[in-house]
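Engineer: This is final.cif (mmCIF, C-alpha atoms).
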data_model
loop_
_atom_site.label_atom_id
_atom_site.label_comp_id
_atom_site.auth_asym_id
_atom_site.auth_seq_id
_atom_site.Cartn_x
_atom_site.Cartn_y
_atom_site.Cartn_z
CA MET F 1069 0.00 0.00 0.00
CA GLN F 1070 1.36 3.44 -0.96
CA ARG F 1071 1.86 5.69 2.08
CA GLN F 1072 0.74 9.34 2.13
CA PRO F 1073 3.45 11.97 1.87
CA CYS F 1074 4.58 13.35 5.24
CA ALA F 1075 3.19 16.84 4.52
CA GLU F 1076 -0.27 15.44 3.80
CA ARG F 1077 -0.23 13.31 6.98
CA LEU F 1078 0.81 16.35 9.04
CA ASN F 1079 -1.93 18.49 7.49
CA TYR F 1080 -4.55 15.79 8.25
CA ARG F 1081 -3.38 15.46 11.86
CA SER F 1082 -3.43 19.24 12.33
CA MET F 1083 -6.97 19.53 11.00
CA ARG F 1084 -8.11 16.63 13.25
CA PHE F 1085 -6.42 18.20 16.31
CA PHE F 1086 -8.10 21.59 15.80
CA THR F 1087 -11.47 19.93 15.11
CA LEU F 1088 -11.31 18.01 18.41
CA LEU F 1089 -10.09 21.10 20.22
CA PHE F 1090 -13.04 23.16 18.89
CA ALA F 1091 -15.56 20.44 19.78
CA GLY F 1092 -14.09 20.14 23.27
CA ALA F 1093 -14.43 23.88 23.76
CA LEU F 1094 -18.12 23.70 22.86
CA LEU F 1095 -18.79 20.80 25.22
CA ALA F 1096 -16.69 22.01 28.14
CA PRO F 1097 -18.53 23.25 31.25
CA LEU F 1098 -18.66 27.00 31.58
CA GLY F 1099 -17.16 28.46 34.74
CA GLY F 1100 -16.78 24.99 36.27
CA GLN F 1101 -20.58 24.43 36.23
CA ASN F 1102 -22.41 21.65 34.46
CA VAL F 1103 -24.53 23.22 31.77
CA PRO F 1104 -27.77 21.27 31.28
CA PRO F 1105 -28.93 20.60 27.74
CA PRO F 1106 -31.59 22.96 26.45
CA GLN F 1107 -35.04 21.79 27.43
CA SER F 1108 -37.68 21.80 24.79
CA LYS F 1109 -41.17 22.83 25.81
CA GLU F 1110 -43.25 19.76 26.51
CA GLU F 1111 -46.13 19.53 24.07
CA PRO F 1112 -49.35 17.69 24.80
CA PRO F 1113 -49.71 14.45 22.85
CA ARG F 1114 -51.83 14.64 19.74
CA PHE F 1115 -54.75 12.24 19.80
CA SER F 1116 -54.81 10.03 16.74
CA GLY F 1117 -57.89 8.40 15.36
CA GLN F 1118 -56.46 4.89 15.86
CA VAL F 1119 -57.75 3.01 18.91
CA ASN F 1120 -56.65 -0.61 19.29
CA LEU F 1121 -57.49 -1.54 22.85
CA VAL F 1122 -59.84 0.15 25.31
CA THR F 1123 -59.43 -0.46 29.05
CA ALA F 1124 -62.27 0.27 31.44
CA PRO F 1125 -61.90 0.12 35.24
CA VAL F 1126 -65.16 -1.23 36.67
CA THR F 1127 -66.44 -0.81 40.23
CA VAL F 1128 -69.45 -2.85 41.34
CA THR F 1129 -71.48 -2.08 44.47
CA GLY F 1130 -74.47 -3.77 46.03
CA PRO F 1131 -77.78 -2.24 47.19
CA ASP F 1132 -76.15 -1.42 50.53
CA GLY F 1133 -73.31 0.47 48.83
CA ARG F 1134 -70.70 -2.14 49.67
CA LEU F 1135 -68.13 -3.12 47.06
CA VAL F 1136 -68.76 -6.46 45.32
CA ALA F 1137 -65.76 -8.69 44.67
CA ASN F 1138 -65.26 -12.22 43.31
CA LEU F 1139 -67.14 -11.65 40.05
CA GLU F 1140 -65.81 -13.39 36.96
CA LYS F 1141 -65.45 -12.53 33.29
CA GLN F 1142 -68.65 -14.28 32.21
CA HIS F 1143 -70.67 -12.11 34.60
CA PHE F 1144 -69.99 -8.94 32.56
CA ARG F 1145 -71.21 -7.50 29.26
CA VAL F 1146 -69.55 -4.48 27.64
CA PHE F 1147 -71.12 -2.11 25.12
CA ASP F 1148 -69.42 0.55 23.02
CA ASN F 1149 -71.97 3.01 21.60
CA GLU F 1150 -74.59 0.31 22.26
CA ASP F 1151 -72.63 -2.29 20.24
CA GLU F 1152 -71.73 -5.31 22.37
CA GLN F 1153 -68.02 -6.04 22.52
CA VAL F 1154 -65.92 -9.15 23.05
CA ILE F 1155 -64.01 -8.90 26.32
CA ALA F 1156 -60.35 -9.38 25.46
CA GLY F 1157 -58.86 -8.93 28.91
CA PHE F 1158 -60.21 -9.38 32.42
CA ASP F 1159 -57.95 -8.65 35.37
CA VAL F 1160 -58.79 -8.84 39.05
CA SER F 1161 -55.21 -9.12 40.32
CA TYR F 1162 -53.76 -6.68 42.79
CA LEU F 1163 -51.43 -4.79 40.51
CA PRO F 1164 -48.97 -2.39 42.16
CA ILE F 1165 -50.11 1.23 42.15
CA SER F 1166 -48.31 4.26 40.78
CA MET F 1167 -49.96 7.25 42.46
CA VAL F 1168 -49.42 10.97 41.99
CA LEU F 1169 -50.77 12.94 44.93
CA CYS F 1170 -51.74 16.45 43.75
CA VAL F 1171 -52.25 18.76 46.73
CA GLU F 1172 -53.55 22.31 46.58
CA THR F 1173 -51.52 24.70 48.74
CA SER F 1174 -53.32 27.97 48.08
CA GLY F 1175 -53.76 30.47 50.89
CA ARG F 1176 -57.50 29.81 50.98
CA ILE F 1177 -57.06 26.34 52.47
CA GLU F 1178 -54.23 27.26 54.86
CA GLY F 1179 -56.34 26.20 57.84
CA LEU F 1180 -56.54 22.65 56.46
CA LEU F 1181 -52.82 22.21 55.81
CA PRO F 1182 -52.05 20.74 59.27
CA GLN F 1183 -54.60 18.02 58.59
CA ILE F 1184 -53.19 17.40 55.09
CA ARG F 1185 -49.62 17.24 56.41
CA LYS F 1186 -50.61 14.39 58.72
CA SER F 1187 -52.36 12.40 55.98
CA GLY F 1188 -49.24 10.98 54.31
CA ILE F 1189 -49.26 7.74 56.29
CA LEU F 1190 -52.91 7.20 55.32
CA TYR F 1191 -52.03 7.21 51.61
CA THR F 1192 -49.07 4.87 52.08
CA GLU F 1193 -51.04 2.36 54.17
CA LEU F 1194 -54.58 2.61 52.77
CA VAL F 1195 -53.92 3.31 49.08
CA LEU F 1196 -50.43 2.11 48.19
CA GLY F 1197 -50.37 -0.84 50.60
CA GLU F 1198 -47.45 -3.24 50.69
CA SER F 1199 -47.51 -4.50 47.08
CA GLY F 1200 -44.69 -2.39 45.69
CA GLY F 1201 -46.71 0.81 45.37
CA GLU F 1202 -44.90 4.01 44.48
CA ALA F 1203 -45.86 7.64 44.88
CA ALA F 1204 -44.97 11.11 43.65
CA LEU F 1205 -46.09 14.46 45.07
CA ILE F 1206 -47.17 17.61 43.23
CA THR F 1207 -48.27 20.81 44.96
CA PHE F 1208 -50.07 23.63 43.22
CA ASP F 1209 -51.38 27.14 43.79
CA GLY F 1210 -50.19 29.85 41.41
CA ASN F 1211 -47.32 27.48 40.57
CA VAL F 1212 -47.15 23.75 39.93
CA ASN F 1213 -44.23 22.04 41.67
CA ILE F 1214 -43.03 18.45 41.55
CA VAL F 1215 -42.04 18.12 45.20
CA GLN F 1216 -41.15 14.43 45.00
CA GLU F 1217 -40.51 12.16 42.04
CA PHE F 1218 -41.73 8.56 42.09
CA SER F 1219 -40.35 6.52 44.95
CA THR F 1220 -41.19 3.23 46.66
CA ASP F 1221 -39.86 4.70 49.90
CA HIS F 1222 -43.15 5.67 51.51
CA ASP F 1223 -41.39 7.68 54.20
CA LYS F 1224 -40.39 10.17 51.51
CA LEU F 1225 -44.03 10.93 50.74
CA ILE F 1226 -44.81 11.35 54.43
CA GLY F 1227 -41.82 13.65 54.90
CA SER F 1228 -42.57 15.71 51.80
CA LEU F 1229 -46.19 16.28 52.85
CA LYS F 1230 -45.06 17.53 56.26
CA LYS F 1231 -43.08 20.32 54.59
CA ILE F 1232 -45.79 21.83 52.36
CA LYS F 1233 -46.52 25.51 52.89
CA PRO F 1234 -49.34 27.84 51.78
CA GLY F 1235 -48.89 29.93 48.66
CA SER F 1236 -50.91 32.27 46.47
CA ASP F 1237 -54.69 32.19 46.00
CA ALA F 1238 -54.59 30.80 42.45
CA THR F 1239 -55.59 27.15 41.89
CA ARG F 1240 -54.01 25.70 38.77
CA THR F 1241 -55.88 22.40 38.94
CA SER F 1242 -55.76 21.56 35.23
CA ASP F 1243 -52.03 22.25 35.01
CA ALA F 1244 -51.39 20.04 38.06
CA VAL F 1245 -53.36 17.12 36.61
CA TRP F 1246 -51.68 17.57 33.23
CA ARG F 1247 -48.26 17.41 34.93
CA ALA F 1248 -49.31 14.33 36.89
CA VAL F 1249 -50.33 12.61 33.66
CA ARG F 1250 -46.85 13.34 32.27
CA LEU F 1251 -45.27 11.61 35.25
CA LEU F 1252 -47.57 8.59 35.02
CA ARG F 1253 -47.30 8.02 31.28
CA ALA F 1254 -43.66 6.98 31.78
CA ARG F 1255 -44.54 4.28 34.32
CA PRO F 1256 -44.79 0.61 33.21
CA ASP F 1257 -48.07 -0.61 31.75
CA ASN F 1258 -48.41 -3.33 34.38
CA ARG F 1259 -49.17 -0.77 37.09
CA ARG F 1260 -52.41 0.87 38.19
CA LYS F 1261 -52.05 4.57 37.39
CA VAL F 1262 -53.88 6.84 39.79
CA ILE F 1263 -54.08 10.55 40.52
CA VAL F 1264 -55.44 11.61 43.91
CA LEU F 1265 -56.45 15.26 43.75
CA VAL F 1266 -56.70 16.95 47.17
CA SER F 1267 -58.17 20.34 46.43
CA GLU F 1268 -61.10 22.67 46.32
CA SER F 1269 -63.30 22.05 43.34
CA ARG F 1270 -62.22 25.10 41.41
CA GLU F 1271 -59.85 26.16 38.65
CA SER F 1272 -58.03 29.44 38.16
CA GLY F 1273 -54.89 30.39 36.28
CA SER F 1274 -54.10 27.19 34.35
CA GLU F 1275 -52.58 27.29 30.89
CA THR F 1276 -53.96 23.81 30.19
CA SER F 1277 -57.67 23.51 29.55
CA LEU F 1278 -59.72 21.22 31.73
CA GLY F 1279 -60.75 19.20 28.67
CA GLU F 1280 -57.14 18.69 27.63
CA ALA F 1281 -56.17 17.41 31.08
CA LEU F 1282 -59.18 15.08 31.10
CA ARG F 1283 -58.54 13.80 27.58
CA ASP F 1284 -54.89 13.05 28.34
CA ALA F 1285 -55.83 11.15 31.50
CA GLN F 1286 -58.34 9.07 29.52
CA LEU F 1287 -55.76 8.26 26.86
CA GLN F 1288 -53.34 6.94 29.48
CA ASN F 1289 -56.03 4.91 31.33
CA ILE F 1290 -55.46 6.99 34.46
CA LEU F 1291 -58.01 7.10 37.27
CA VAL F 1292 -58.56 10.42 39.03
CA TYR F 1293 -59.90 10.38 42.58
CA GLY F 1294 -60.79 13.57 44.39
CA VAL F 1295 -60.71 14.57 48.05
CA ARG F 1296 -62.60 17.85 48.02
CA LEU F 1297 -61.51 20.54 50.45
CA SER F 1298 -63.92 23.12 51.85
CA THR F 1299 -62.85 26.76 51.92
CA ALA F 1300 -65.52 27.39 54.54
CA LYS F 1301 -64.07 24.69 56.75
CA ALA F 1302 -60.57 26.07 56.23
CA LYS F 1303 -61.73 29.42 57.56
CA LEU F 1304 -63.44 27.80 60.52
CA THR F 1305 -60.22 26.04 61.50
CA GLN F 1306 -58.40 29.36 61.81
CA PRO F 1307 -59.09 30.80 65.30
CA ALA F 1308 -58.54 34.39 64.23
CA GLN F 1309 -61.17 34.07 61.53
CA ALA F 1310 -63.55 31.66 63.24
CA ALA F 1311 -67.17 32.05 62.23
CA ARG F 1312 -70.38 30.32 63.14
CA ASP F 1313 -72.49 28.24 60.81
CA PRO F 1314 -75.54 30.32 59.83
CA PHE F 1315 -77.75 27.31 60.51
CA PRO F 1316 -78.45 26.20 64.10
CA PRO F 1317 -77.44 22.65 65.08
CA GLY F 1318 -79.77 20.07 63.58
CA VAL F 1319 -81.07 22.44 60.89
CA SER F 1320 -79.94 21.76 57.34
CA ALA F 1321 -79.79 24.12 54.39
CA ARG F 1322 -82.30 22.08 52.42
CA PRO F 1323 -84.55 19.14 53.27
CA LEU F 1324 -82.67 15.85 53.61
CA PRO F 1325 -83.79 12.68 51.83
CA PRO F 1326 -86.26 10.53 53.79
CA GLY F 1327 -84.58 8.39 56.44
CA VAL F 1328 -81.32 10.38 56.49
CA VAL F 1329 -80.27 11.61 59.93
CA SER F 1330 -79.23 15.27 60.10
CA THR F 1331 -75.50 15.32 60.85
CA PRO F 1332 -72.73 17.75 59.86
CA THR F 1333 -71.75 15.35 57.07
CA SER F 1334 -75.27 14.89 55.71
CA GLN F 1335 -75.95 18.63 55.93
CA VAL F 1336 -72.95 19.47 53.74
CA GLN F 1337 -73.77 16.73 51.26
CA ALA F 1338 -77.35 18.00 51.06
CA ARG F 1339 -76.04 21.40 49.98
CA VAL F 1340 -74.04 19.89 47.09
CA GLU F 1341 -75.99 19.95 43.86
CA VAL F 1342 -75.53 16.74 41.88
CA VAL F 1343 -75.31 17.41 38.15
CA ASN F 1344 -75.16 14.91 35.31
CA ALA F 1345 -71.62 15.54 34.11
CA LEU F 1346 -71.65 13.31 31.01
CA PRO F 1347 -72.70 16.02 28.50
CA TYR F 1348 -69.98 18.29 29.89
CA ILE F 1349 -67.40 15.49 29.76
CA ILE F 1350 -68.16 14.96 26.07
CA GLU F 1351 -67.91 18.67 25.34
CA ALA F 1352 -64.66 18.94 27.29
CA VAL F 1353 -62.84 16.17 25.41
CA ARG F 1354 -64.15 17.60 22.13
CA GLY F 1355 -62.13 20.72 22.89
CA VAL F 1356 -65.05 23.13 23.27
CA LYS F 1357 -63.47 26.36 24.51
CA ASN F 1358 -66.54 28.02 25.99
CA LEU F 1359 -67.30 25.10 28.31
CA ILE F 1360 -68.94 26.28 31.53
CA PHE F 1361 -68.91 23.76 34.36
CA ASN F 1362 -68.50 24.84 37.97
CA ASP F 1363 -67.13 21.59 39.36
CA PRO F 1364 -63.84 20.60 37.68
CA MET F 1365 -63.17 17.86 40.23
CA GLN F 1366 -66.45 16.13 39.36
CA LEU F 1367 -65.56 16.37 35.67
CA LEU F 1368 -62.10 14.84 36.20
CA THR F 1369 -63.23 12.04 38.50
CA GLU F 1370 -66.34 10.94 36.62
CA GLY F 1371 -64.61 11.40 33.28
CA THR F 1372 -61.93 8.84 34.18
CA GLY F 1373 -64.02 6.38 36.20
CA GLY F 1374 -62.81 7.61 39.59
CA ARG F 1375 -64.82 9.05 42.43
CA MET F 1376 -64.96 12.24 44.47
CA GLN F 1377 -64.97 12.24 48.25
CA ALA F 1378 -66.07 15.21 50.35
CA PRO F 1379 -64.81 14.78 53.92
CA VAL F 1380 -66.19 17.14 56.56
CA THR F 1381 -64.15 16.21 59.63
CA GLY F 1382 -60.63 14.94 60.29
CA GLY F 1383 -62.04 11.44 60.58
CA GLY F 1384 -63.87 12.05 57.33
CA MET F 1385 -60.59 12.54 55.48
CA GLU F 1386 -59.27 9.24 56.80
CA GLU F 1387 -62.49 7.54 55.74
CA SER F 1388 -62.28 9.12 52.28
CA ILE F 1389 -58.73 7.89 51.72
CA SER F 1390 -59.70 4.45 53.01
CA ARG F 1391 -62.56 4.26 50.51
CA ILE F 1392 -60.21 5.13 47.64
CA GLY F 1393 -57.82 2.36 48.65
CA GLU F 1394 -60.58 -0.20 49.11
CA GLU F 1395 -62.09 0.60 45.73
CA LEU F 1396 -58.76 0.26 43.94
CA ARG F 1397 -58.25 -3.18 45.50
CA THR F 1398 -61.66 -4.45 44.36
CA GLN F 1399 -61.86 -2.98 40.86
CA TYR F 1400 -62.12 -5.06 37.71
CA LEU F 1401 -60.05 -4.10 34.67
CA ILE F 1402 -61.92 -4.98 31.47
CA SER F 1403 -60.38 -4.43 28.04
CA TYR F 1404 -61.76 -4.89 24.54
CA ARG F 1405 -60.95 -4.13 20.91
CA PRO F 1406 -63.76 -1.92 19.53
CA ASN F 1407 -65.63 -3.40 16.57
CA ASN F 1408 -67.16 -0.07 15.50
CA LEU F 1409 -64.20 2.19 14.81
CA ALA F 1410 -65.71 3.43 11.55
CA LYS F 1411 -67.73 5.91 13.57
CA GLY F 1412 -65.78 8.80 15.06
CA GLY F 1413 -66.65 11.17 17.86
CA PHE F 1414 -67.30 10.23 21.47
CA HIS F 1415 -67.72 6.52 22.15
CA GLN F 1416 -69.78 5.85 25.26
CA ILE F 1417 -68.88 2.80 27.35
CA LYS F 1418 -71.51 0.82 29.22
CA VAL F 1419 -70.89 -2.21 31.43
CA GLU F 1420 -73.60 -4.54 32.71
CA VAL F 1421 -73.51 -7.38 35.23
CA ALA F 1422 -75.61 -10.54 35.35
CA TRP F 1423 -77.51 -9.72 38.55
CA ASP F 1424 -80.18 -7.12 39.20
CA GLY F 1425 -79.67 -4.65 42.03
CA LEU F 1426 -75.93 -4.20 41.48
CA LYS F 1427 -74.62 -0.80 40.52
CA VAL F 1428 -71.77 -0.56 38.01
CA ARG F 1429 -69.47 2.44 37.58
CA THR F 1430 -66.83 2.83 34.88
CA ARG F 1431 -65.30 5.53 32.71
CA PRO F 1432 -67.97 7.14 30.50
CA GLY F 1433 -66.11 6.67 27.25
CA TYR F 1434 -63.34 7.96 25.00
CA TRP F 1435 -62.90 10.31 22.07
CA LEU F 1436 -62.16 8.83 18.64
CA GLY F 1437 -60.68 11.21 16.14
CA PRO F 1438 -58.45 14.28 16.03
CA VAL F 1439 -59.05 17.10 18.47
CA PRO F 1440 -57.71 20.66 18.47
CA VAL F 1441 -54.45 21.22 20.33
CA GLN F 1442 -53.97 24.60 21.95
CA ASN F 1443 -50.75 26.40 21.10
#
What is this file in structure tokens?

Structural biologist:
Amino acid sequence: MQRQPCAERLNYRSMRFFTLLFAGALLAPLGGQNVPPPQSKEEPPRFSGQVNLVTAPVTVTGPDGRLVANLEKQHFRVFDNEDEQVIAGFDVSYLPISMVLCVETSGRIEGLLPQIRKSGILYTELVLGESGGEAALITFDGNVNIVQEFSTDHDKLIGSLKKIKPGSDATRTSDAVWRAVRLLRARPDNRRKVIVLVSESRESGSETSLGEALRDAQLQNILVYGVRLSTAKAKLTQPAQAARDPFPPGVSARPLPPGVVSTPTSQVQARVEVVNALPYIIEAVRGVKNLIFNDPMQLLTEGTGGRMQAPVTGGGMEESISRIGEELRTQYLISYRPNNLAKGGFHQIKVEVAWDGLKVRTRPGYWLGPVPVQN
């Protein structure tokens, strides 16, 4: 083989040396500090019209309200836009849970923060359990902060909750849920993905629309559970701003249902107006911008198949968290491949069981087709 002349080899080596030197200068840390790579703005995923497998979490309760377990695949029927489907998957195993706890820290609920700080052990014991559950913590007011990334060390969640402090009066609920979805979408598919939203039922200041947050949670098969906080109760727990209930003891704001004893819990529940959220859920995932719905927590929980709790006392919060954990441990996961994908729009899911008197709750449906993405 003919060797290159010495001058040519020297020229090649010189060019290579200066090239490496220039590249090293670009990659070298500035001022002794590690310079992080530029972060691109995270864009919401675009919903494609292709749906291969639909998963529906199903909760069954009896006439007494108790959860019904031990049902089998043949006891269920699934309908998609009234077309019966073939059940492809049926899971009743206790899959480990990946939970994002989203806690409001606005100044309006400052009086409830001591109670929330003490609730960490309830989530680790009653929701996550001992089956390899992991948790992350997000706090939100005028800002949305990831306080703790996912960890199986439950003491970290307890410790992080103890350190939360009140902030501004804004409540960026949609942004917090959207961020929680981003954390959960990276978790393995063999985990139950759950968001527990501890907040007032209000929204102010978010850049993400409520419909976008809901749609993204549906796409990732994420359940949203809500523990609704009361601003009125927060004020009552602050001695300097203590105020009396305008209604005397034993007198409720509106007549209670027959047979219901008048208690502080039943009085508050009687004042809550129950609205059929399904039409609003459909409008929200369609991307309707002028959607008016005064209860974002109801929209998020019902729209994903979860449930909203409204504790009134300290014991009520423990009971609410216990109910969430119990429901997650007795849910059925039913999946199917839709046989009617030719029709776009909102596909409503309906699940029936073989016995009368049982109540079935699942996610209301999913959106098939492109939706507008806000810039």

Engineer: Please list as a JSON list (two decimals) with C-alpha atoms, keeping the file's coordinate frame every residue within 7 Å of Val1122 of chain F, counting all atoms listed in the file and excluding residues in the same chain fewer than 6 positions away.

Structural biologist:
[["chain", "number", "residue", "atom", "x", "y", "z"],
["F", 1403, "SER", "CA", -60.38, -4.43, 28.04],
["F", 1404, "TYR", "CA", -61.76, -4.89, 24.54],
["F", 1405, "ARG", "CA", -60.95, -4.13, 20.91]]

Engineer: Starting from the shown file, work through the PyMOL selection byres ((chain F and resi 1361-1372) around 7) and note down what comes out as an MDAnalysis selection string.

Structural biologist: chainID F and resid 1269:1271 1282 1286 1290:1294 1345 1349 1359:1360 1373:1376 1431:1432

Engineer: Quick one: which residues end up in the PyMOL selection byres ((chain F and resi 1162-1165) around 12) for this structure, as a ChimeraX atom specification?

Structural biologist: /F:1159-1161,1166-1168,1191-1192,1194-1204,1218-1220,1252,1255-1264,1290-1291,1393-1401

Engineer: Write out as a list in words which residues come within 8 Å of Cys1170 of chain F when counting only C-alpha atoms, dropping same-chain ones fewer than 3 positions away.

Structural biologist: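 What passes the distance filter is Leu1205, Ile1206, Thr1207, Phe1208, Ala1244, Val1245, Ala1248, Ile1263, Val1264, Leu1265, Val1266 and Ser1267 of chain F.
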
Engineer: Please determine, counting all atoms listed in the file, which residue among F:His1222, F:Arg1250, F:Gly1437, F:Ala1285 has the shortest atom-to-atom distance to Gly1412 of chain F.

Structural biologist: F:Gly1437

Engineer: What is the distance between atom CA of Thr1276 of chain F and atom CA of Trp1246 of chain F, in Å to one decimal?

Structural biologist: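 Interatomic distance here is 7.3 Å.
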